[in-house]
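Below is the file target-v3.pdb, which contains PDB, C-alpha atoms, pLDDT in the B column.
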ATOM      1  CA  MET A   1      15.910 -15.634   8.704  1.00 57.00           C
ATOM      2  CA  LYS A   2      16.667 -14.793  12.323  1.00 62.00           C
ATOM      3  CA  ALA A   3      13.727 -13.252  14.160  1.00 60.00           C
ATOM      4  CA  ALA A   4      15.836 -10.261  15.279  1.00 60.00           C
ATOM      5  CA  ARG A   5      16.559  -9.312  11.648  1.00 73.00           C
ATOM      6  CA  ARG A   6      13.007  -9.779  10.371  1.00 81.00           C
ATOM      7  CA  PRO A   7      11.593  -6.347  11.387  1.00 85.00           C
ATOM      8  CA  TRP A   8      14.470  -4.647   9.596  1.00 89.00           C
ATOM      9  CA  LEU A   9      13.372  -6.373   6.395  1.00 92.00           C
ATOM     10  CA  GLY A  10      10.031  -4.589   6.782  1.00 93.00           C
ATOM     11  CA  VAL A  11      11.772  -1.287   7.474  1.00 94.00           C
ATOM     12  CA  GLY A  12      13.806  -1.848   4.305  1.00 95.00           C
ATOM     13  CA  ALA A  13      10.621  -2.538   2.319  1.00 96.00           C
ATOM     14  CA  ALA A  14       9.055   0.648   3.711  1.00 96.00           C
ATOM     15  CA  LEU A  15      12.103   2.737   2.814  1.00 97.00           C
ATOM     16  CA  ALA A  16      12.281   1.224  -0.689  1.00 98.00           C
ATOM     17  CA  VAL A  17       8.588   1.944  -1.351  1.00 98.00           C
ATOM     18  CA  LEU A  18       8.953   5.463   0.048  1.00 98.00           C
ATOM     19  CA  ALA A  19      12.021   6.185  -2.109  1.00 98.00           C
ATOM     20  CA  VAL A  20      10.528   4.828  -5.351  1.00 98.00           C
ATOM     21  CA  ASP A  21       7.249   6.637  -4.676  1.00 98.00           C
ATOM     22  CA  GLN A  22       8.858   9.997  -3.967  1.00 98.00           C
ATOM     23  CA  VAL A  23      11.252   9.756  -6.934  1.00 98.00           C
ATOM     24  CA  SER A  24       8.353   8.879  -9.265  1.00 98.00           C
ATOM     25  CA  LYS A  25       6.347  11.877  -8.043  1.00 98.00           C
ATOM     26  CA  TRP A  26       9.352  14.186  -8.414  1.00 97.00           C
ATOM     27  CA  TRP A  27       9.831  12.877 -11.961  1.00 97.00           C
ATOM     28  CA  VAL A  28       6.161  13.460 -12.859  1.00 97.00           C
ATOM     29  CA  LEU A  29       6.112  16.976 -11.389  1.00 96.00           C
ATOM     30  CA  ASP A  30       9.588  18.358 -12.110  1.00 96.00           C
ATOM     31  CA  ILE A  31      11.025  16.394 -15.039  1.00 96.00           C
ATOM     32  CA  LEU A  32       8.027  15.279 -17.080  1.00 95.00           C
ATOM     33  CA  ARG A  33       6.059  18.369 -15.974  1.00 95.00           C
ATOM     34  CA  LEU A  34       2.617  16.817 -16.373  1.00 94.00           C
ATOM     35  CA  VAL A  35       1.162  20.037 -14.946  1.00 91.00           C
ATOM     36  CA  ASP A  36       2.121  21.862 -18.157  1.00 94.00           C
ATOM     37  CA  ARG A  37       2.068  18.949 -20.596  1.00 92.00           C
ATOM     38  CA  GLY A  38      -1.295  17.389 -19.751  1.00 92.00           C
ATOM     39  CA  PRO A  39      -2.161  13.703 -20.014  1.00 93.00           C
ATOM     40  CA  LEU A  40       0.369  11.437 -21.685  1.00 94.00           C
ATOM     41  CA  VAL A  41      -0.752   8.212 -23.380  1.00 94.00           C
ATOM     42  CA  LEU A  42       1.748   5.408 -22.711  1.00 94.00           C
ATOM     43  CA  LEU A  43      -0.260   2.416 -23.921  1.00 95.00           C
ATOM     44  CA  PRO A  44      -3.814   1.946 -25.199  1.00 94.00           C
ATOM     45  CA  VAL A  45      -4.730   1.004 -21.612  1.00 96.00           C
ATOM     46  CA  LEU A  46      -2.372   3.244 -19.595  1.00 96.00           C
ATOM     47  CA  ASP A  47      -2.006   7.021 -19.315  1.00 96.00           C
ATOM     48  CA  LEU A  48      -0.066   9.384 -17.096  1.00 97.00           C
ATOM     49  CA  ARG A  49      -2.540  11.997 -15.887  1.00 96.00           C
ATOM     50  CA  LEU A  50      -1.791  14.349 -12.997  1.00 96.00           C
ATOM     51  CA  VAL A  51      -4.419  14.579 -10.271  1.00 94.00           C
ATOM     52  CA  GLN A  52      -3.906  16.612  -7.111  1.00 92.00           C
ATOM     53  CA  ASN A  53      -5.772  14.465  -4.586  1.00 89.00           C
ATOM     54  CA  ARG A  54      -6.689  16.588  -1.585  1.00 82.00           C
ATOM     55  CA  GLY A  55      -8.968  13.904  -0.161  1.00 72.00           C
ATOM     56  CA  ILE A  56      -8.296  10.362   0.951  1.00 63.00           C
ATOM     57  CA  THR A  57      -8.671   7.112  -0.950  1.00 57.00           C
ATOM     58  CA  PHE A  58     -10.614   7.585  -4.183  1.00 50.00           C
ATOM     59  CA  GLY A  59     -10.833  11.335  -3.518  1.00 51.00           C
ATOM     60  CA  LEU A  60     -13.139  10.994  -0.481  1.00 52.00           C
ATOM     61  CA  LEU A  61     -13.229  14.051   1.814  1.00 52.00           C
ATOM     62  CA  ASN A  62     -11.929  16.159  -1.071  1.00 54.00           C
ATOM     63  CA  GLY A  63     -14.000  19.186  -0.083  1.00 51.00           C
ATOM     64  CA  SER A  64     -13.707  18.850   3.689  1.00 50.00           C
ATOM     65  CA  GLY A  65     -12.266  22.323   4.309  1.00 54.00           C
ATOM     66  CA  SER A  66      -9.176  23.200   6.298  1.00 60.00           C
ATOM     67  CA  ILE A  67      -9.663  20.604   9.048  1.00 63.00           C
ATOM     68  CA  GLY A  68      -9.752  17.672   6.596  1.00 63.00           C
ATOM     69  CA  PRO A  69      -6.047  17.551   5.679  1.00 65.00           C
ATOM     70  CA  ALA A  70      -4.962  17.720   9.327  1.00 73.00           C
ATOM     71  CA  VAL A  71      -7.305  14.880  10.280  1.00 76.00           C
ATOM     72  CA  ILE A  72      -6.122  12.797   7.322  1.00 73.00           C
ATOM     73  CA  VAL A  73      -2.450  13.290   8.283  1.00 78.00           C
ATOM     74  CA  LEU A  74      -3.102  12.451  11.948  1.00 84.00           C
ATOM     75  CA  VAL A  75      -5.039   9.297  11.069  1.00 84.00           C
ATOM     76  CA  ALA A  76      -2.309   8.234   8.626  1.00 80.00           C
ATOM     77  CA  ILE A  77       0.380   8.772  11.260  1.00 85.00           C
ATOM     78  CA  ALA A  78      -1.612   6.682  13.761  1.00 89.00           C
ATOM     79  CA  VAL A  79      -1.965   3.919  11.156  1.00 86.00           C
ATOM     80  CA  VAL A  80       1.789   3.953  10.457  1.00 84.00           C
ATOM     81  CA  ILE A  81       2.514   3.695  14.196  1.00 90.00           C
ATOM     82  CA  GLY A  82       0.139   0.727  14.409  1.00 89.00           C
ATOM     83  CA  LEU A  83       1.831  -0.876  11.416  1.00 86.00           C
ATOM     84  CA  GLY A  84       5.211  -0.369  13.102  1.00 85.00           C
ATOM     85  CA  VAL A  85       4.021  -2.217  16.200  1.00 89.00           C
ATOM     86  CA  TRP A  86       2.669  -5.033  14.015  1.00 87.00           C
ATOM     87  CA  LEU A  87       5.954  -5.118  12.110  1.00 83.00           C
ATOM     88  CA  TRP A  88       7.960  -5.631  15.286  1.00 85.00           C
ATOM     89  CA  ARG A  89       5.604  -8.272  16.693  1.00 86.00           C
ATOM     90  CA  THR A  90       5.100 -10.546  13.702  1.00 87.00           C
ATOM     91  CA  GLU A  91       7.267 -13.548  12.996  1.00 82.00           C
ATOM     92  CA  ARG A  92       6.196 -14.172   9.405  1.00 89.00           C
ATOM     93  CA  THR A  93       8.497 -12.789   6.713  1.00 91.00           C
ATOM     94  CA  VAL A  94       5.714 -12.240   4.167  1.00 93.00           C
ATOM     95  CA  VAL A  95       3.739 -10.242   6.742  1.00 94.00           C
ATOM     96  CA  VAL A  96       6.807  -8.155   7.598  1.00 95.00           C
ATOM     97  CA  ILE A  97       7.366  -7.251   3.938  1.00 95.00           C
ATOM     98  CA  ALA A  98       3.659  -6.580   3.294  1.00 96.00           C
ATOM     99  CA  VAL A  99       3.314  -4.364   6.374  1.00 95.00           C
ATOM    100  CA  GLY A 100       6.513  -2.554   5.390  1.00 95.00           C
ATOM    101  CA  ALA A 101       5.116  -1.892   1.897  1.00 96.00           C
ATOM    102  CA  ILE A 102       1.858  -0.562   3.354  1.00 95.00           C
ATOM    103  CA  ALA A 103       3.724   1.682   5.804  1.00 94.00           C
ATOM    104  CA  GLY A 104       6.064   2.988   3.083  1.00 96.00           C
ATOM    105  CA  GLY A 105       3.108   3.831   0.865  1.00 95.00           C
ATOM    106  CA  ALA A 106       1.256   5.558   3.680  1.00 92.00           C
ATOM    107  CA  ILE A 107       4.335   7.599   4.600  1.00 93.00           C
ATOM    108  CA  GLY A 108       4.813   8.561   0.935  1.00 96.00           C
ATOM    109  CA  ASN A 109       1.282   9.929   0.695  1.00 93.00           C
ATOM    110  CA  VAL A 110       1.571  11.730   4.053  1.00 90.00           C
ATOM    111  CA  ALA A 111       4.840  13.295   2.867  1.00 93.00           C
ATOM    112  CA  ASP A 112       2.994  14.659  -0.183  1.00 94.00           C
ATOM    113  CA  ARG A 113       0.258  16.148   1.993  1.00 89.00           C
ATOM    114  CA  LEU A 114       2.721  17.810   4.330  1.00 88.00           C
ATOM    115  CA  ARG A 115       4.986  19.086   1.548  1.00 92.00           C
ATOM    116  CA  LEU A 116       2.461  19.958  -1.173  1.00 92.00           C
ATOM    117  CA  GLY A 117      -0.968  20.024   0.473  1.00 87.00           C
ATOM    118  CA  PHE A 118      -2.179  17.178  -1.762  1.00 91.00           C
ATOM    119  CA  VAL A 119      -1.212  13.678  -2.885  1.00 93.00           C
ATOM    120  CA  VAL A 120       0.290  13.377  -6.358  1.00 96.00           C
ATOM    121  CA  ASP A 121      -1.673  10.746  -8.301  1.00 96.00           C
ATOM    122  CA  PHE A 122      -0.656  10.101 -11.893  1.00 97.00           C
ATOM    123  CA  ILE A 123      -1.252   6.525 -13.115  1.00 97.00           C
ATOM    124  CA  GLN A 124      -4.507   5.866 -14.941  1.00 96.00           C
ATOM    125  CA  ALA A 125      -5.305   2.393 -16.223  1.00 95.00           C
ATOM    126  CA  HIS A 126      -8.350   1.991 -18.442  1.00 95.00           C
ATOM    127  CA  ALA A 127      -9.892  -0.517 -20.843  1.00 94.00           C
ATOM    128  CA  PHE A 128     -13.136  -1.014 -22.757  1.00 91.00           C
ATOM    129  CA  GLY A 129     -14.565   2.325 -21.618  1.00 88.00           C
ATOM    130  CA  TRP A 130     -13.870   1.583 -17.952  1.00 92.00           C
ATOM    131  CA  SER A 131     -11.256   3.480 -15.961  1.00 89.00           C
ATOM    132  CA  TRP A 132      -9.688   2.930 -12.553  1.00 83.00           C
ATOM    133  CA  TYR A 133      -9.130   5.821 -10.229  1.00 87.00           C
ATOM    134  CA  VAL A 134      -5.916   7.695 -10.857  1.00 93.00           C
ATOM    135  CA  PHE A 135      -3.320   6.411  -8.372  1.00 95.00           C
ATOM    136  CA  ASN A 136       0.407   6.466  -7.582  1.00 97.00           C
ATOM    137  CA  LEU A 137       3.105   3.950  -6.651  1.00 98.00           C
ATOM    138  CA  ALA A 138       2.429   4.404  -2.917  1.00 97.00           C
ATOM    139  CA  ASP A 139      -1.200   3.408  -3.507  1.00 95.00           C
ATOM    140  CA  ALA A 140      -0.066   0.387  -5.543  1.00 97.00           C
ATOM    141  CA  ALA A 141       2.279  -0.703  -2.723  1.00 97.00           C
ATOM    142  CA  ILE A 142      -0.544  -0.368  -0.189  1.00 96.00           C
ATOM    143  CA  VAL A 143      -2.921  -2.456  -2.324  1.00 96.00           C
ATOM    144  CA  CYS A 144      -0.260  -5.113  -2.992  1.00 97.00           C
ATOM    145  CA  GLY A 145       0.638  -5.235   0.714  1.00 97.00           C
ATOM    146  CA  VAL A 146      -2.998  -5.683   1.731  1.00 96.00           C
ATOM    147  CA  ALA A 147      -3.462  -8.373  -0.951  1.00 97.00           C
ATOM    148  CA  ALA A 148      -0.379 -10.219   0.348  1.00 96.00           C
ATOM    149  CA  LEU A 149      -1.771 -10.083   3.891  1.00 95.00           C
ATOM    150  CA  LEU A 150      -5.133 -11.441   2.717  1.00 95.00           C
ATOM    151  CA  VAL A 151      -3.550 -14.280   0.746  1.00 95.00           C
ATOM    152  CA  ASP A 152      -1.222 -15.112   3.641  1.00 93.00           C
ATOM    153  CA  GLY A 153      -4.168 -15.117   6.038  1.00 91.00           C
ATOM    154  CA  LEU A 154      -6.157 -17.448   3.790  1.00 91.00           C
ATOM    155  CA  VAL A 155      -3.224 -19.833   3.300  1.00 87.00           C
ATOM    156  CA  ASP A 156      -2.341 -19.744   6.991  1.00 76.00           C
ATOM    157  CA  GLY A 157      -5.995 -20.294   7.902  1.00 67.00           C
ATOM    158  CA  ARG A 158      -6.138 -23.392   5.701  1.00 63.00           C
ATOM    159  CA  ARG A 159      -2.913 -24.707   7.224  1.00 63.00           C
ATOM    160  CA  SER A 160      -4.231 -24.326  10.770  1.00 60.00           C
ATOM    161  CA  ALA A 161      -7.557 -25.972   9.816  1.00 57.00           C
ATOM    162  CA  GLU A 162      -5.813 -29.126   8.554  1.00 58.00           C
ATOM    163  CA  PRO A 163      -5.236 -31.872  11.100  1.00 59.00           C
ATOM    164  CA  PRO A 164      -1.569 -32.562  11.828  1.00 58.00           C
ATOM    165  CA  VAL A 165       0.037 -35.329   9.777  1.00 58.00           C
ATOM    166  CA  GLY A 166      -0.440 -38.675  11.515  1.00 58.00           C
ATOM    167  CA  ALA A 167      -3.123 -37.306  13.826  1.00 56.00           C
ATOM    168  CA  TRP A 168      -5.661 -39.735  15.192  1.00 57.00           C
ATOM    169  CA  HIS A 169      -9.055 -38.999  13.648  1.00 56.00           C
ATOM    170  CA  GLY A 170     -11.349 -41.122  15.760  1.00 57.00           C
ATOM    171  CA  PRO A 171     -12.331 -44.748  16.291  1.00 60.00           C
ATOM    172  CA  GLY A 172     -10.830 -46.978  13.630  1.00 59.00           C
ATOM    173  CA  GLY A 173      -8.362 -44.217  12.639  1.00 56.00           C
ATOM    174  CA  LYS A 174     -10.839 -42.792  10.138  1.00 56.00           C
ATOM    175  CA  GLU A 175     -11.320 -39.116   9.587  1.00 53.00           C
ATOM    176  CA  ARG A 176     -14.569 -37.705  10.981  1.00 48.00           C
TER
END
Represent the structure from my file as C-alpha cells, please.
Amino acid sequence: MKAARRPWLGVGAALAVLAVDQVSKWWVLDILRLVDRGPLVLLPVLDLRLVQNRGITFGLLNGSGSIGPAVIVLVAIAVVIGLGVWLWRTERTVVVIAVGAIAGGAIGNVADRLRLGFVVDFIQAHAFGWSWYVFNLADAAIVCGVAALLVDGLVDGRRSAEPPVGAWHGPGGKER
C-alpha cells in the first residue's frame, strides 16, 4: 500500500469502530432498553447488563466528583491527539489499523461522556464463577488494538534481532 494512503486506513478503522460502538450503545439504550428490562442472558457465559460507567477503565475514579469527568475527557482527547500523530508517522499497516481502532474506541467513550455523562458498558462475559468487568465494543477495540501493537512489537523485535541472511558471523563463518 502506498505510504500516502496508509494513514487514511487508520482513519477508516477509527471511524468504523466509532460507528459500530455508537450504534451498539444506541441499540442497547433505545431499542433493547436494558435500563427497563434488566440483564439479558445471551449464552451461559455471556450477558447483556447495562452499567453506567462514570469512572475510567474498570470503574476507577467513579466517585471523583465534578472535576473527574472533565479531567477524564481532557486526558482522552490528549491521548487521541497523540494517537493521530502516531498514525500519521508510522509506516506499518498493522500499526496504522491498531492505532485507528484504539483512537476510534477512545473517541466512542469520550462521546458517551460528553453526551450522557457516563460511558455505556453492557457486555459481561463470565465462566466458572468468575466474571470480567462489564465493557463495550469501544473497550474491546482498544484492547484488541493494544494486543495487535504488542504482538507486532514482539514480532518486529525478533526480526530486528536476527542477523541478516548471508551475514558474516565471525572467523570461519560460524555464528557467535
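For the set A:Gly145, A:Gly10, A:Gly82, A:Gly117, the residue with the smallest atom-to-atom gap to Gly105 in chain A is A:Gly145, counting all atoms listed in the file.
In this comparison, which uses only C-alpha atoms, the residue of A:Val85, A:Ala103, A:Val94, A:Val41 approaching Leu150 in chain A most closely is A:Val94.
This file gives the following result for the PyMOL selection byres ((chain A and resi 148) around 12): Arg92, Thr93, Val94, Val95, Val96, Ile97, Ala98, Val99, Gly100, Ala101, Ile102, Ala141, Ile142, Val143, Cys144, Gly145, Val146, Ala147, Leu149, Leu150, Val151, Asp152, Gly153, Leu154, Val155 and Asp156 of chain A.
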Using all atoms listed in the file, what residues lie at most 12 Å away from (-1.9, 13.5, 5.5) (file coordinates), given as a compact mmCIF listing (two decimals) with C-alpha atoms, keeping the file's coordinate frame?
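This went into part_37.txt:
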# COMPACT_ATOMS: atom_id res chain seq x y z
CA ASN A 53 -5.77 14.46 -4.59
CA ARG A 54 -6.69 16.59 -1.58
CA GLY A 55 -8.97 13.90 -0.16
CA ILE A 56 -8.30 10.36 0.95
CA THR A 57 -8.67 7.11 -0.95
CA LEU A 61 -13.23 14.05 1.81
CA ILE A 67 -9.66 20.60 9.05
CA GLY A 68 -9.75 17.67 6.60
CA PRO A 69 -6.05 17.55 5.68
CA ALA A 70 -4.96 17.72 9.33
CA VAL A 71 -7.30 14.88 10.28
CA ILE A 72 -6.12 12.80 7.32
CA VAL A 73 -2.45 13.29 8.28
CA LEU A 74 -3.10 12.45 11.95
CA VAL A 75 -5.04 9.30 11.07
CA ALA A 76 -2.31 8.23 8.63
CA ILE A 77 0.38 8.77 11.26
CA ALA A 78 -1.61 6.68 13.76
CA VAL A 79 -1.96 3.92 11.16
CA VAL A 80 1.79 3.95 10.46
CA GLY A 105 3.11 3.83 0.86
CA ALA A 106 1.26 5.56 3.68
CA ILE A 107 4.34 7.60 4.60
CA GLY A 108 4.81 8.56 0.94
CA ASN A 109 1.28 9.93 0.70
CA VAL A 110 1.57 11.73 4.05
CA ALA A 111 4.84 13.30 2.87
CA ASP A 112 2.99 14.66 -0.18
CA ARG A 113 0.26 16.15 1.99
CA LEU A 114 2.72 17.81 4.33
CA ARG A 115 4.99 19.09 1.55
CA LEU A 116 2.46 19.96 -1.17
CA GLY A 117 -0.97 20.02 0.47
CA PHE A 118 -2.18 17.18 -1.76
CA VAL A 119 -1.21 13.68 -2.88
Please tabulate, as JSON lines, the residues of range 110-144 of chain A that come within 10 Å of range 25-36 of chain A, each with its closest pair of atoms and the distance in Å to one decimal, counting all atoms listed in the file and ordering rows by chain, then residue number upward.
{"residue": "A:Asp112", "atom": "CA", "partner": "A:Lys25", "partner_atom": "CA", "distance": 9.0}
{"residue": "A:Val119", "atom": "CA", "partner": "A:Lys25", "partner_atom": "CA", "distance": 9.3}
{"residue": "A:Val120", "atom": "CA", "partner": "A:Lys25", "partner_atom": "CA", "distance": 6.5}
{"residue": "A:Asp121", "atom": "CA", "partner": "A:Lys25", "partner_atom": "CA", "distance": 8.1}
{"residue": "A:Phe122", "atom": "CA", "partner": "A:Val28", "partner_atom": "CA", "distance": 7.7}
{"residue": "A:Asn136", "atom": "CA", "partner": "A:Lys25", "partner_atom": "CA", "distance": 8.0}
{"residue": "A:Leu137", "atom": "CA", "partner": "A:Lys25", "partner_atom": "CA", "distance": 8.7}
{"residue": "A:Ala138", "atom": "CA", "partner": "A:Lys25", "partner_atom": "CA", "distance": 9.9}
